[in-house]
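Visitor: The structure file entry-v7.txt (compact mmCIF, C-alpha atoms) is provided below.
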```txt
# COMPACT_ATOMS: atom_id res chain seq x y z
CA MET A 1307 25.05 9.81 -13.03
CA ILE A 1308 25.37 7.26 -15.90
CA ARG A 1309 22.43 6.27 -18.09
CA LEU A 1310 22.25 3.87 -21.04
CA GLU A 1311 19.19 4.10 -23.27
CA HIS A 1312 18.41 1.45 -25.91
CA VAL A 1313 22.10 0.73 -26.44
CA GLN A 1314 23.12 -1.88 -28.99
CA LYS A 1315 26.48 -3.10 -30.23
CA ILE A 1316 26.75 -4.91 -33.55
CA TYR A 1317 30.19 -5.78 -34.88
CA ASP A 1318 31.20 -5.64 -38.55
CA ASP A 1319 30.76 -9.41 -38.90
CA GLY A 1320 27.12 -9.08 -37.83
CA PHE A 1321 27.55 -10.39 -34.28
CA GLN A 1322 25.25 -8.55 -31.88
CA ALA A 1323 27.11 -8.20 -28.58
CA LEU A 1324 24.50 -6.01 -26.85
CA LYS A 1325 20.74 -5.90 -27.38
CA ASN A 1326 18.68 -2.90 -26.29
CA ILE A 1327 20.45 -2.19 -22.99
CA ASN A 1328 18.61 0.20 -20.67
CA LEU A 1329 20.51 0.80 -17.47
CA GLU A 1330 21.30 3.37 -14.81
CA PHE A 1331 24.36 3.50 -12.57
CA LYS A 1332 23.52 5.62 -9.55
CA GLU A 1333 25.95 8.17 -8.20
CA GLY A 1334 28.14 6.95 -5.34
CA GLU A 1335 27.32 3.25 -5.75
CA ILE A 1336 29.28 0.14 -6.70
CA ASN A 1337 27.54 -1.36 -9.74
CA VAL A 1338 28.65 -4.88 -10.62
CA LEU A 1339 28.26 -6.31 -14.13
CA ILE A 1340 28.36 -10.09 -14.01
CA GLY A 1341 27.56 -13.04 -16.21
CA PRO A 1342 29.15 -15.88 -18.19
CA SER A 1343 31.92 -15.27 -20.72
CA GLY A 1344 30.66 -13.46 -23.80
CA CYS A 1345 27.56 -12.07 -22.10
CA GLY A 1346 28.46 -8.44 -22.87
CA LYS A 1347 29.52 -7.20 -19.43
CA THR A 1348 33.00 -5.98 -20.46
CA THR A 1349 31.64 -4.52 -23.69
CA THR A 1350 29.09 -2.54 -21.68
CA MET A 1351 31.76 -1.18 -19.36
CA LYS A 1352 34.22 -0.28 -22.14
CA MET A 1353 31.56 1.72 -23.94
CA LEU A 1354 31.43 4.13 -21.01
CA ASN A 1355 34.90 5.53 -21.80
CA ARG A 1356 34.56 4.79 -25.54
CA LEU A 1357 37.17 2.08 -25.71
CA ILE A 1358 34.33 0.45 -27.64
CA ASP A 1359 31.76 2.55 -29.49
CA TYR A 1360 28.11 1.55 -29.50
CA THR A 1361 26.09 1.06 -32.68
CA GLU A 1362 22.74 2.43 -31.57
CA GLY A 1363 21.24 4.20 -28.57
CA GLN A 1364 22.62 6.84 -26.23
CA ILE A 1365 24.88 6.90 -23.19
CA TYR A 1366 24.71 9.89 -20.85
CA ILE A 1367 27.11 10.94 -18.11
CA ASN A 1368 25.68 13.74 -15.97
CA ASN A 1369 22.98 14.16 -18.65
CA LYS A 1370 25.58 14.76 -21.37
CA GLU A 1371 25.75 12.33 -24.29
CA ILE A 1372 29.28 10.93 -24.29
CA THR A 1373 29.78 11.19 -28.05
CA SER A 1374 29.61 14.98 -27.60
CA ILE A 1375 32.60 14.87 -25.21
CA ASP A 1376 36.17 14.88 -26.49
CA THR A 1377 37.40 11.28 -26.21
CA ILE A 1378 40.70 12.16 -24.51
CA GLU A 1379 38.93 14.47 -22.07
CA LEU A 1380 36.36 11.75 -21.35
CA ARG A 1381 38.98 9.11 -20.60
CA ARG A 1382 41.04 11.39 -18.39
CA SER A 1383 37.93 12.14 -16.35
CA ILE A 1384 37.21 8.45 -15.68
CA GLY A 1385 39.41 6.21 -13.55
CA TYR A 1386 40.22 2.79 -15.02
CA VAL A 1387 41.55 -0.31 -13.25
CA ILE A 1388 42.28 -3.46 -15.23
CA GLN A 1389 42.86 -7.11 -14.37
CA HIS A 1390 46.59 -7.17 -15.01
CA ILE A 1391 47.22 -3.94 -13.11
CA GLY A 1392 48.97 -2.15 -15.99
CA LEU A 1393 51.53 -0.23 -13.94
CA PHE A 1394 54.43 1.24 -15.88
CA PRO A 1395 57.32 -1.05 -14.84
CA HIS A 1396 60.08 1.51 -15.50
CA MET A 1397 58.40 4.19 -13.36
CA THR A 1398 58.37 4.53 -9.57
CA ILE A 1399 55.13 4.15 -7.64
CA TYR A 1400 55.05 7.92 -7.22
CA ASN A 1401 55.31 8.50 -10.96
CA ASN A 1402 52.71 5.83 -11.71
CA VAL A 1403 50.15 7.46 -9.42
CA ALA A 1404 51.09 10.97 -10.59
CA ALA A 1405 50.73 10.18 -14.31
CA VAL A 1406 47.21 11.51 -14.95
CA PRO A 1407 47.46 14.55 -12.63
CA ARG A 1408 50.56 15.55 -14.59
CA LEU A 1409 48.65 15.25 -17.87
CA LEU A 1410 46.03 17.51 -16.32
CA LYS A 1411 48.81 19.98 -15.45
CA TRP A 1412 48.46 19.84 -11.67
CA ASP A 1413 51.23 21.68 -9.84
CA LYS A 1414 53.97 19.67 -8.14
CA GLU A 1415 52.86 20.42 -4.58
CA ARG A 1416 49.31 19.32 -5.27
CA ILE A 1417 50.51 16.08 -6.91
CA GLU A 1418 52.84 15.23 -4.03
CA LYS A 1419 50.09 15.81 -1.50
CA ARG A 1420 47.66 13.67 -3.48
CA VAL A 1421 50.09 10.75 -3.90
CA ASP A 1422 50.90 10.70 -0.18
CA GLU A 1423 47.22 10.93 0.70
CA LEU A 1424 46.30 7.99 -1.56
CA LEU A 1425 49.13 5.76 -0.36
CA ASP A 1426 48.07 6.40 3.23
CA MET A 1427 44.49 5.60 2.26
CA VAL A 1428 45.41 2.04 1.24
CA GLY A 1429 47.85 1.44 4.09
CA LEU A 1430 51.10 1.89 2.17
CA GLU A 1431 53.46 4.29 3.94
CA PRO A 1432 54.44 6.98 1.42
CA GLU A 1433 58.07 7.31 2.51
CA VAL A 1434 58.53 3.57 2.21
CA TYR A 1435 56.72 2.87 -1.06
CA LYS A 1436 56.58 5.89 -3.35
CA ASN A 1437 60.18 5.57 -4.60
CA ARG A 1438 59.93 1.82 -5.19
CA TYR A 1439 59.23 0.17 -8.54
CA PRO A 1440 56.29 -2.15 -9.27
CA SER A 1441 58.55 -5.23 -9.37
CA GLU A 1442 59.45 -4.58 -5.72
CA LEU A 1443 55.83 -4.95 -4.58
CA SER A 1444 53.62 -8.00 -4.07
CA GLY A 1445 50.67 -8.62 -6.39
CA GLY A 1446 48.22 -7.30 -3.82
CA GLN A 1447 50.29 -4.17 -3.25
CA GLN A 1448 50.57 -3.57 -7.00
CA GLN A 1449 46.81 -3.84 -7.38
CA ARG A 1450 46.35 -1.32 -4.57
CA ILE A 1451 48.53 1.05 -6.57
CA GLY A 1452 46.39 0.33 -9.63
CA VAL A 1453 43.29 1.34 -7.67
CA ILE A 1454 44.73 4.57 -6.26
CA ARG A 1455 46.20 5.52 -9.64
CA ALA A 1456 42.63 5.45 -10.95
CA LEU A 1457 41.63 7.72 -8.06
CA ALA A 1458 44.54 10.13 -8.44
CA ALA A 1459 42.85 12.81 -10.55
CA GLU A 1460 39.72 12.69 -8.36
CA PRO A 1461 37.36 11.28 -11.01
CA SER A 1462 33.71 10.85 -10.10
CA ILE A 1463 33.54 7.58 -12.10
CA ILE A 1464 35.82 4.54 -11.87
CA LEU A 1465 35.70 1.52 -14.19
CA MET A 1466 37.13 -1.72 -12.79
CA ASP A 1467 37.59 -4.64 -15.20
CA GLU A 1468 37.99 -7.83 -13.13
CA PRO A 1469 40.66 -6.02 -11.09
CA PHE A 1470 41.21 -8.72 -8.47
CA SER A 1471 40.77 -11.92 -10.49
CA ALA A 1472 44.51 -12.54 -11.01
CA LEU A 1473 45.27 -12.42 -7.27
CA ASP A 1474 45.49 -15.28 -4.81
CA PRO A 1475 42.33 -15.84 -2.71
CA ILE A 1476 43.67 -14.13 0.43
CA SER A 1477 44.88 -11.02 -1.42
CA ARG A 1478 41.65 -10.93 -3.38
CA GLU A 1479 39.52 -10.97 -0.24
CA GLN A 1480 41.67 -8.27 1.32
CA LEU A 1481 41.27 -6.04 -1.74
CA GLN A 1482 37.51 -6.57 -1.77
CA ASP A 1483 37.36 -5.49 1.88
CA GLU A 1484 39.60 -2.53 1.05
CA LEU A 1485 37.34 -1.44 -1.79
CA VAL A 1486 34.21 -1.58 0.37
CA ARG A 1487 36.00 0.40 3.10
CA LEU A 1488 37.37 2.96 0.65
CA GLN A 1489 33.99 3.46 -1.01
CA LYS A 1490 32.53 4.62 2.31
CA GLU A 1491 35.08 7.44 2.24
CA ILE A 1492 35.30 8.33 -1.45
CA LYS A 1493 31.70 7.61 -2.59
CA LYS A 1494 32.59 7.21 -6.27
CA THR A 1495 30.35 5.83 -8.99
CA ILE A 1496 32.03 2.49 -9.67
CA VAL A 1497 31.28 0.10 -12.52
CA PHE A 1498 32.90 -3.23 -11.68
CA VAL A 1499 33.09 -6.26 -14.00
CA THR A 1500 33.49 -9.72 -12.48
CA HIS A 1501 32.59 -13.35 -13.17
CA ASP A 1502 32.58 -14.21 -9.45
CA MET A 1503 29.16 -14.15 -7.77
CA ASP A 1504 30.65 -14.20 -4.25
CA GLU A 1505 32.60 -11.06 -5.13
CA ALA A 1506 29.49 -9.40 -6.55
CA LEU A 1507 27.37 -10.19 -3.50
CA LYS A 1508 30.09 -8.89 -1.20
CA ILE A 1509 30.84 -5.51 -2.78
CA ALA A 1510 27.83 -4.44 -4.87
CA ASP A 1511 25.13 -1.90 -4.25
CA GLN A 1512 23.58 -2.98 -7.57
CA ILE A 1513 24.16 -6.24 -9.45
CA ILE A 1514 23.43 -6.44 -13.19
CA LEU A 1515 23.35 -10.07 -14.35
CA MET A 1516 23.76 -10.47 -18.11
CA LYS A 1517 23.42 -13.27 -20.64
CA ASP A 1518 23.79 -13.23 -24.44
CA GLY A 1519 24.01 -9.44 -24.61
CA GLU A 1520 20.91 -8.80 -22.53
CA ILE A 1521 20.17 -7.90 -18.90
CA VAL A 1522 18.51 -10.86 -17.23
CA GLN A 1523 18.06 -9.27 -13.81
CA LYS A 1524 19.27 -6.26 -11.87
CA GLY A 1525 18.86 -5.27 -8.24
CA THR A 1526 20.52 -5.19 -4.86
CA PRO A 1527 22.39 -8.33 -3.75
CA ASN A 1528 19.53 -9.06 -1.40
CA GLU A 1529 16.92 -8.71 -4.15
CA ILE A 1530 18.87 -10.95 -6.53
CA VAL A 1531 19.26 -13.70 -3.94
CA GLN A 1532 15.76 -13.36 -2.50
CA TYR A 1533 13.95 -13.16 -5.85
CA PRO A 1534 15.93 -14.80 -8.69
CA ALA A 1535 14.10 -13.99 -11.92
CA ASN A 1536 14.41 -17.41 -13.55
CA GLU A 1537 16.28 -20.71 -13.58
CA PHE A 1538 19.35 -19.17 -15.21
CA VAL A 1539 19.68 -16.69 -12.34
CA LYS A 1540 19.21 -19.44 -9.76
CA GLU A 1541 21.83 -21.58 -11.44
CA PHE A 1542 24.29 -18.70 -11.75
CA ILE A 1543 23.85 -17.70 -8.09
CA GLY A 1544 24.16 -21.32 -6.98
CA THR A 1545 22.02 -23.25 -4.53
CA GLU A 1546 24.66 -22.96 -1.80
CA ARG A 1547 24.26 -19.16 -1.87
CA LEU A 1548 20.49 -19.22 -2.17
CA GLY A 1549 20.12 -21.38 0.92
CA ASN A 1550 16.77 -20.60 2.52
CA ASN A 1551 16.81 -16.97 1.49
CA THR A 1552 14.29 -17.47 -1.31
CA THR A 1553 11.60 -18.29 1.24
CA ILE A 1554 12.06 -15.21 3.42
CA PRO A 1555 10.80 -11.95 1.92
CA PRO A 1556 12.58 -8.63 2.54
CA VAL A 1557 10.95 -5.68 4.28
CA GLU A 1558 9.71 -4.36 0.91
CA ALA A 1559 7.43 -7.38 0.47
CA VAL A 1560 5.94 -7.15 3.97
CA MET A 1561 5.62 -3.43 4.69
CA LEU A 1562 2.42 -1.40 4.50
CA ASN A 1563 2.74 0.59 1.27
CA ASP A 1564 -0.29 2.75 1.96
CA ALA A 1565 0.66 3.91 5.46
CA ASP A 1566 -0.57 7.47 6.05
CA THR A 1567 1.84 10.38 6.44
CA LEU A 1568 1.59 14.06 7.30
CA ASP A 1569 3.13 17.14 5.69
CA LEU A 1570 5.08 19.58 7.84
CA ASP A 1571 2.38 22.22 7.42
CA SER A 1572 -0.57 19.96 8.21
CA SER A 1573 -2.89 21.15 10.98
CA LEU A 1574 -2.90 19.34 14.31
CA GLU A 1575 -6.67 19.03 14.04
CA SER A 1576 -6.38 17.00 10.82
CA ALA A 1577 -3.54 14.96 12.35
CA ALA A 1578 -5.58 14.09 15.45
CA GLN A 1579 -8.63 13.28 13.35
CA LEU A 1580 -6.65 10.94 11.07
CA MET A 1581 -5.05 9.10 13.99
CA GLY A 1582 -8.49 8.71 15.59
CA GLU A 1583 -9.99 7.28 12.38
CA LYS A 1584 -7.10 4.85 11.91
CA ASN A 1585 -6.90 3.97 15.62
CA ILE A 1586 -3.15 4.62 15.66
CA HIS A 1587 -1.02 6.51 18.16
CA SER A 1588 1.39 8.31 15.80
CA LEU A 1589 1.98 9.41 12.20
CA THR A 1590 5.20 9.87 10.22
CA VAL A 1591 5.90 13.38 8.94
CA VAL A 1592 7.66 13.87 5.58
CA ASP A 1593 8.92 16.90 3.67
CA GLU A 1594 8.26 17.84 0.04
CA ASN A 1595 10.88 15.30 -1.06
CA ASN A 1596 9.16 12.53 0.89
CA LYS A 1597 12.02 12.33 3.39
CA ILE A 1598 11.25 11.64 7.04
CA GLN A 1599 11.30 14.68 9.34
CA GLY A 1600 9.91 13.07 12.49
CA GLN A 1601 6.57 11.98 13.88
CA VAL A 1602 3.51 13.40 15.60
CA THR A 1603 1.85 11.44 18.42
CA ILE A 1604 -1.81 11.57 19.33
CA LEU A 1605 -0.81 12.92 22.76
CA ASN A 1606 1.23 15.81 21.31
CA ALA A 1607 -1.47 16.66 18.80
CA SER A 1608 -4.27 16.61 21.40
CA ASN A 1609 -2.34 18.69 23.94
CA SER A 1610 -1.61 21.43 21.39
CA LEU A 1611 -4.95 21.62 19.56
CA GLN A 1612 -5.98 24.85 21.26
CA GLU A 1613 -2.66 26.60 20.56
CA ASN A 1614 -3.13 27.02 16.80
CA LYS A 1615 0.06 25.09 16.07
CA LYS A 1616 1.07 23.12 12.99
CA VAL A 1617 2.55 19.65 12.75
CA HIS A 1618 6.09 21.05 12.44
CA ASP A 1619 5.71 22.72 15.86
CA VAL A 1620 5.23 19.45 17.76
CA LEU A 1621 7.51 17.09 15.85
CA THR A 1622 9.37 14.40 17.78
CA PRO A 1623 12.35 12.59 16.25
CA ILE A 1624 12.22 9.12 14.73
CA ASN A 1625 15.37 7.43 15.95
CA HIS A 1626 15.09 4.17 14.02
CA LYS A 1627 14.15 3.23 10.48
CA VAL A 1628 14.95 0.38 8.07
CA ASN A 1629 15.80 0.08 4.41
CA LYS A 1630 13.27 -1.66 2.18
CA SER A 1631 15.82 -4.41 1.38
CA SER A 1632 16.58 -5.16 5.05
CA SER A 1633 15.93 -8.63 6.43
CA LEU A 1634 13.04 -9.36 8.76
CA LYS A 1635 15.57 -10.57 11.33
CA THR A 1636 17.15 -7.10 11.31
CA VAL A 1637 13.73 -5.53 11.79
CA LEU A 1638 12.91 -7.72 14.78
CA ASN A 1639 16.30 -7.04 16.36
CA ILE A 1640 15.77 -3.27 16.08
CA MET A 1641 12.24 -3.56 17.45
CA ASN A 1642 13.33 -5.71 20.38
CA ASP A 1643 16.40 -3.62 21.21
CA ASN A 1644 14.43 -0.37 21.21
CA ASP A 1645 11.03 -1.56 22.40
CA VAL A 1646 9.12 -0.34 19.35
CA ASN A 1647 6.31 -2.05 17.48
CA GLU A 1648 6.63 -0.32 14.11
CA LEU A 1649 9.34 1.17 11.96
CA PRO A 1650 9.27 3.51 8.95
CA VAL A 1651 10.78 2.09 5.78
CA VAL A 1652 13.00 4.08 3.38
CA ASP A 1653 14.55 3.36 -0.01
CA ASP A 1654 18.20 3.81 -0.99
CA SER A 1655 17.70 7.56 -1.43
CA GLU A 1656 16.23 7.85 2.10
CA GLN A 1657 12.72 8.51 0.79
CA TYR A 1658 9.84 7.19 2.88
CA VAL A 1659 8.13 4.22 1.21
CA GLY A 1660 6.05 2.56 3.93
CA MET A 1661 5.73 1.20 7.45
CA ILE A 1662 6.49 -2.22 8.89
CA THR A 1663 4.86 -3.50 12.07
CA ARG A 1664 5.89 -6.14 14.57
CA LYS A 1665 2.52 -7.85 14.11
CA GLU A 1666 3.07 -8.26 10.35
CA VAL A 1667 6.67 -9.47 10.73
CA LEU A 1668 5.66 -12.09 13.27
CA ARG A 1669 2.74 -13.21 11.09
CA VAL A 1670 5.00 -13.74 8.05
CA MET A 1671 7.74 -15.48 10.04
CA THR A 1672 5.21 -17.75 11.72
CA ASP A 1673 3.65 -18.68 8.37
CA LEU A 1674 7.07 -19.49 6.92
CA TYR A 1675 8.12 -21.71 9.79
CA MET A 1676 4.72 -23.44 9.87
CA ASN A 1677 5.00 -24.20 6.15
CA ASP A 1678 8.57 -25.48 6.54
CA GLY A 1679 7.38 -27.73 9.33
CA ASN A 1680 4.50 -29.07 7.28
CA GLU A 1681 6.77 -29.78 4.32
CA GLY A 1682 9.12 -31.70 6.52
CA SER A 1683 6.40 -33.84 8.14
```
Rewrite the coordinates I just gave you, this time as structure tokens.
Guide:
Amino acid sequence: MIRLEHVQKIYDDGFQALKNINLEFKEGEINVLIGPSGCGKTTTMKMLNRLIDYTEGQIYINNKEITSIDTIELRRSIGYVIQHIGLFPHMTIYNNVAAVPRLLKWDKERIEKRVDELLDMVGLEPEVYKNRYPSELSGGQQQRIGVIRALAAEPSIILMDEPFSALDPISREQLQDELVRLQKEIKKTIVFVTHDMDEALKIADQIILMKDGEIVQKGTPNEIVQYPANEFVKEFIGTERLGNNTTIPPVEAVMLNDADTLDLDSSLESAAQLMGEKNIHSLTVVDENNKIQGQVTILNASNSLQENKKVHDVLTPINHKVNKSSSLKTVLNIMNDNDVNELPVVDDSEQYVGMITRKEVLRVMTDLYMNDGNEGS
């Protein structure tokens, strides 16, 4: 969706705010830029809608370089939520939310429907709130309006510049929960700037930690906490958040990367032969995109060998799988609840990446607890 290639920003006074930034924001994910003041996180975000222009490199949105897009058109196609809300105080809530759709020349009926829909989405009854003015709402309610105003014209991308930092802790937590809930429905590509690690860990699909204009580490919240890249990352995360997580690897570090799979058009003879050689009772079947389609068991393969069938004819469903960033505790719970001894592992795009077994999970967990016991003795 959004791709930055070798992006640099050098100001007229010679200060280099960004140094060779290479980054991808995946479609439908919340991407959080975080780091100390002056690290370049806000500069990076503001370049996406050209509030700040970059000095070198390229930025692509849907494979189109943004400097080739009319600036006004670009900004109207991207939602933008700022820290201090930025509602027009002299306009009603309805008119605030309707502002961009009107610029895009939506008809009145469509605008009214959209405003009502968005107010309902964030728990503000349209008939009660749409004719009120911003001053008549609480800070949390105003920020909700700021969020839905950014959604009004149905943009695929939303930029959020520390949108909740001015709120009290309770309102802030409520808005974070609301954003996570909303994202499950709207599935927008969100770039979110914050200085609060707790907020980042709570809402992000991807965290990008920056320092001095460079990316220090990027990854899922689990990856950042489990595998901090250096002392700066550890210090920024904080020991109270790290806890014991750095000692427990995720599924990705424990799974079998070279687990065999079958194609849908594989012969049952080759399937049975492979399972016999590996001394295993089943094999995962994937399609041409490496996505799981089911499994073939040695029993099914053997029973159908004489019928000239293919793997796709005897598929049985795989009811349980785990993400590569899942915890080992989650894996064991699934295995115990469903009486299975192995689970296929997928990445964030649902592509098959390996297999994790009960034997391997128990071995790793036992080693960890043994080591902890030895260290404490």
Visitor: State, in Å with one decimal place, the distance from atom CA of A:Leu1548 to atom CA of A:Pro1534.
Guide: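 Distance between the two atoms: 9.1 Å.
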Visitor: From the options A:Ile1624, A:His1312, A:Ala1458, A:Thr1377, which residue's atoms come nearest to A:Arg1408, counting only C-alpha atoms?
Guide: A:Ala1458
Visitor: When you look at A:Met1307 with a cut-off of 10 Å (counting only C-alpha atoms), what residues show up, excluding the ones that are within fewer than 2 positions of it in the same chain? I need them as number ranges by chain.
Guide: A: 1309, 1330-1334, 1366-1370, 1462-1463, 1495
Visitor: Starting from the point (33.7, 2.4, -11.5), work out which residues of protein, DNA or RNA have an atom no more than 7 Å away when counting all atoms listed in the file; state them as a PyMOL selection string.
Guide: chain A and resi 1336+1463-1466+1495-1498
Visitor: Using only C-alpha atoms, which residues sit within 8 Å of A:Ser1471 once same-chain residues fewer than 2 positions away are excluded, as a list in words?
Guide: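 Here the qualifying residues turn out to be Gln1389, Glu1468, Pro1469, Leu1473, Arg1478 and Thr1500 of chain A.
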Visitor: What would the list of residues within 10 Å of (9.7, 5.3, 6.8) (file frame) look like as a PyMOL selection string, if all atoms listed in the file are what count?
Guide: chain A and resi 1561+1565+1567+1590-1592+1596-1600+1624+1626-1630+1648-1653+1656-1662
Visitor: Counting all atoms listed in the file, figure out which residue out of A:Val1428, A:Arg1669, A:Ser1343, A:Gly1446 gets nearest to A:Ile1476.
Guide: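 Using all atoms listed in the file, A:Ile1476 sits closest to A:Gly1446.
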Visitor: Hey, can you check how far atom CA of A:Asp1645 sits from atom CA of A:Gln1601?
Guide: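 Atom CA of A:Gln1601 lies at a distance of 16.6 Å from atom CA of A:Asp1645.
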Visitor: Would you kindly return, as a list in words, each protein, DNA or RNA residue with an atom no farther than 8 Å from any atom of A:Pro1527, considering only C-alpha atoms and excluding same-chain residues fewer than 5 positions away?
Guide: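 That gives Ala1506, Leu1507, Ala1510, Asp1511, Gln1512 and Ile1513 of chain A.
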Visitor: What's the separation between atom CA of A:Leu1424 and atom CA of A:Ile1388, in Å to one decimal place?
Guide: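 These two atoms are separated by 18.3 Å.
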Visitor: Measuring atom to atom with all atoms listed in the file, identify which of A:Lys1517, A:Arg1438, A:Lys1616, A:Arg1382 is nearest to A:Glu1460.
Guide: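 Of A:Lys1517, A:Arg1438, A:Lys1616, A:Arg1382, the one nearest A:Glu1460 is A:Arg1382, counting all atoms listed in the file.
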Visitor: Which residue out of A:Val1499, A:Val1313, A:Leu1634, A:Val1387 has the minimum interatomic distance to A:Ile1454 when all atoms listed in the file are used?
Guide: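 Looking at the shortest contact to A:Ile1454, the residue is A:Val1387.
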Visitor: What lies within 9 Å of A:Asn1528 using only C-alpha atoms, ignoring chain neighbours under 5 positions off, as a VMD selection string?
Guide: chain A and resid 1507 1533 1551 1556 1631 to 1633
Visitor: Got a sec: who's within 7 Å of stretch 1572-1586 of chain A, counting all atoms listed in the file, leaving out chain neighbours fewer than 3 positions off, as number ranges by chain?
Guide: A: 1568-1569, 1604, 1607-1608, 1611, 1615-1617
Visitor: Given the choices A:Ile1327, A:Leu1393, A:Leu1638, A:Ile1521, which gets closest to A:Gln1314 if the distance is worked out from all atoms listed in the file?
Guide: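 Comparing A:Ile1327, A:Leu1393, A:Leu1638, A:Ile1521 against A:Gln1314, the winner is A:Ile1327.
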